[in-house]
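Engineer: This structure is in structure tokens; I'll ask about it shortly.
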Protein chains: 2
Amino acid sequence: MKHSDDYFRRLAFDEAPTGLVLTENRIIRICNRRFAELLGYHVEDLLNQSFRIFYGSDEEFESIRDVGLSKLQETGGYTDERLIRHRSGQGIWCQFRARTLNPDAPLERVVMSFAPINEAQTLRLSKRERQVLDLMNQRLTSKEIARRLGLSPRTIDDVRGRLIKRFGLRRAEDLLSQLRGASH
Amino acid sequence: MKHSDDYFRRLAFDEAPTGLVLTENRIIRICNRRFAELLGYHVEDLLNQSFRIFYGSDEEFESIRDVGLSKLQETGGYTDERLIRHRSGQGIWCQFRARTLNPDAPLERVVMSFAPINEAQTLRLSKRERQVLDLMNQRLTSKEIARRLGLSPRTIDDVRGRLIKRFGLRRAEDLLSQLRGASH
DNA sequence: GTTTCATGCCGTATTTATACGGTATTGATA
DNA sequence: TATCAATACCGTATAAATACGGCATGAAAC
């Protein structure tokens with residue numbers, strides 16, 4: 001069976017692993033299932049509702065508006081970690097991302113994504129570990145990586161050793177073959 | 001001007017702040033602009049292409065398939081940090097999330113999201129900081145928070161003090177008013 | 001066969017987050 | 001006015017990540 005682009009787009013949007021919502025001047029125009037779930041609603045409950053319903057007071061609703069506004073104007077995007085509250089009262093920490101469709105009128109149309117922060121994540125890499133793995137992925141040796149990062153080759157071996165121990169591998173290379181999400 | 005749900009859904013999907021892609025047995029059926037951009041392509045280049053094009057060899061393409069497969073079967077979802085490679089050769093670390101539409105045939109239909117990890121993020125909270133802020137958000141005092149977490153009240157004050165210093169605030173409360181993404 | 005690379009094990013040092021103690025001050029509130 | 005909450009500043013202690021050094025081994029490359 002062959003499906004249309006629209007069919008697949010609708011599927012992808014609704015079943016996306018992150019909460020997605022588009023607002024016009026803080027009014028929800030569309031959101032997906034995951035977003036509604038995160039807050040304890042159904043999608044139909046939220047369409048054409050103001051974001052005001054998520055806040056306890058007008059003041060709170062007003063003051064939150066300006067958080068990240070300048071970033072939206074300058075770069076078109078904004079991201080932080082924030083605490084949303086499920087209808088049941090439970091707090092949920094989310095990686096929050098916003099993108100404005102018009103930086104000159106930042107709140108006119110905004111697409112936001114909310115992804116729960118997974119505390120119990122097995123795979124958590126530090127900045128240094130990501131740097132080293134990136135360069136390992138480019139087939140550089142420890143010595144070359146060290147030069148690039150201005151460190152001792154010994155330190156790169158430390159990072160490799162740490163990864164090997166932490167993830168129970170034989171070679172640091174083995175981690176890369178799990179992490180290459182897309183590469184040529 | 002009044003627009004249809006489909007219009008808004010299309011806008012939200014295409015302009016989402018995270019890369020989104022739906023695959024059927026690892027064939028791309030739909031993806032958004034951000035996803036194509038992350039890899040250096042245009043959306044039209046990618047439609048109905050196999051994910052194979054992102055990998056250097058058949059072996060790599062095959063071996064990556066099984067990463068997270070069991071998690072997809074068990075829970076319907078999988079997330080990790082992975083390194084994607086832009087067409088230009090630049091490596092980009094992404095927070096990767098996958099959700100299968102059918103856990104019994106995990107790869108039949110999968111929606112994936114790719115969000116670049118922002119190394120230079122100003123706001124980075126530790127697990128403990130998130131726990132304390134969550135409970136502060138519930139109007140608990142340091143003493144009450146300490147009891148909940150099985151810690152000394154003194155330690156909660158430490159966390160508050162750290163946040164105040166790090167973010168240049170007068171009161172730890174001030175951070176919360178910036179982080180309440182949605183609460184009642 | 002010698003060099004190179006990755007790994008493994010020995011050590012030291014610094015920084016940061018966490019956790020705790022005491023004490024003092026301010027501001028709200030009972 | 002007395003109490004409590006939050007803050008500020010003094011201290012100590014541990015654990016983990018980072019960074020570096022030396023040295024030994026095994027495997028692959030030249």
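Identifiers in the structure tokens: chain A, B, ... in order shown; residue index from 1 per chain; ligand index from 1 in order shown.
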Under the rule of at most 12 Å, produce a per-residue listing of chain D near chain A: chain, number, name, the closest pair of atoms, and the distance in Å, as a Markdown table, using only C-alpha atoms (C1' of nucleotides).

Structural biologist:
| residue | atom | partner | partner_atom | distance |
| --- | --- | --- | --- | --- |
| D:DA16 | C1' | A:Arg162 | CA | 11.4 |
| D:DA17 | C1' | A:Ser126 | CA | 8.8 |
| D:DT18 | C1' | A:Thr155 | CA | 8.2 |
| D:DA19 | C1' | A:Thr155 | CA | 5.9 |
| D:DC20 | C1' | A:Thr155 | CA | 6.7 |
| D:DG21 | C1' | A:Arg154 | CA | 8.3 |
| D:DG22 | C1' | A:Arg154 | CA | 10.4 |

Engineer: Taking only C-alpha atoms into account and nothing else, which residues of chain B lie no more than 6 Å away from chain A? Please answer as a list in words.

Structural biologist: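 Every residue of chain B that passes the 6 Å test is in Ala12, Ala16, Pro17, Leu22, Phe54, Tyr55, Gly56, Arg82, Leu83, Ile84, Arg85, Arg99, Val111, Leu179, Arg180, Gly181, Ala182, Ser183 and His184 of chain B.
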
Engineer: Write down, as an MDAnalysis selection string, each residue of chain C that has any atom within 10 Å of an atom of chain A, counting only C-alpha atoms (C1' of nucleotides).

Structural biologist: chainID C and resid 5:8

Engineer: Okay, now the selection with N, CA and C atoms (P, O5', C5', C4', C3', O3' and C1' of nucleotides), as a PDB file, in the first residue's frame?

Structural biologist:
ATOM      1  P    DC C   5      51.484   6.091  16.098  1.00  0.00           P
ATOM      2  O5'  DC C   5      50.334   5.133  16.652  1.00  0.00           O
ATOM      3  C5'  DC C   5      49.750   4.145  15.799  1.00  0.00           C
ATOM      4  C4'  DC C   5      48.843   3.257  16.626  1.00  0.00           C
ATOM      5  C3'  DC C   5      48.097   3.992  17.738  1.00  0.00           C
ATOM      6  O3'  DC C   5      46.704   3.853  17.550  1.00  0.00           O
ATOM      7  C1'  DC C   5      49.161   2.011  18.562  1.00  0.00           C
ATOM      8  P    DA C   6      45.681   4.513  18.592  1.00  0.00           P
ATOM      9  O5'  DA C   6      45.339   3.315  19.584  1.00  0.00           O
ATOM     10  C5'  DA C   6      44.846   2.107  19.043  1.00  0.00           C
ATOM     11  C4'  DA C   6      44.673   1.085  20.150  1.00  0.00           C
ATOM     12  C3'  DA C   6      43.908   1.589  21.370  1.00  0.00           C
ATOM     13  O3'  DA C   6      42.864   0.677  21.665  1.00  0.00           O
ATOM     14  C1'  DA C   6      45.988   0.651  22.025  1.00  0.00           C
ATOM     15  P    DT C   7      41.878   0.975  22.858  1.00  0.00           P
ATOM     16  O5'  DT C   7      42.526   0.188  24.085  1.00  0.00           O
ATOM     17  C5'  DT C   7      42.696  -1.217  23.993  1.00  0.00           C
ATOM     18  C4'  DT C   7      43.606  -1.702  25.098  1.00  0.00           C
ATOM     19  C3'  DT C   7      43.135  -1.419  26.523  1.00  0.00           C
ATOM     20  O3'  DT C   7      42.630  -2.614  27.096  1.00  0.00           O
ATOM     21  C1'  DT C   7      45.500  -1.173  26.253  1.00  0.00           C
ATOM     22  P    DG C   8      42.045  -2.561  28.610  1.00  0.00           P
ATOM     23  O5'  DG C   8      43.331  -2.705  29.546  1.00  0.00           O
ATOM     24  C5'  DG C   8      44.120  -3.891  29.488  1.00  0.00           C
ATOM     25  C4'  DG C   8      45.129  -3.850  30.617  1.00  0.00           C
ATOM     26  C3'  DG C   8      44.551  -3.309  31.930  1.00  0.00           C
ATOM     27  O3'  DG C   8      44.887  -4.192  32.997  1.00  0.00           O
ATOM     28  C1'  DG C   8      46.491  -2.072  31.310  1.00  0.00           C
TER      29       DG C   8
END

Engineer: Do you have the CA of Lys71 in chain B-CA of Arg166 in chain A distance handy?

Structural biologist: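 Straight-line distance from CA of Lys71 in chain B to CA of Arg166 in chain A works out to 19.8 Å.
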
Engineer: How would you write, as a count of residues only, the set of residues in range 52-169 of chain A that DSSP gives as strand (DSSP E or B)?

Structural biologist: 27

Engineer: Using DSSP on the backbone coordinates, identify the residues of range 125-167 of chain B assigned to alpha helix (DSSP H); present them as a PyMOL selection string.

Structural biologist: chain B and resi 127-137+142-149+153-167

Engineer: Tell me which of C:DT23, C:DT29, C:DT2, C:DT14 sits closest to DA2 in chain D, counting only C-alpha atoms (C1' of nucleotides).

Structural biologist: C:DT29

Engineer: Would you compute the distance between CA of Asn48 in chain A and CA of Ile28 in chain A? Give it in Å to one decimal.

Structural biologist: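 Interatomic distance here is 5.0 Å.
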
Engineer: Just to confirm, what's the straight-line distance from CA of Leu169 in chain B to C1' of DT7 in chain D in Å (one decimal)?

Structural biologist: 11.5 Å
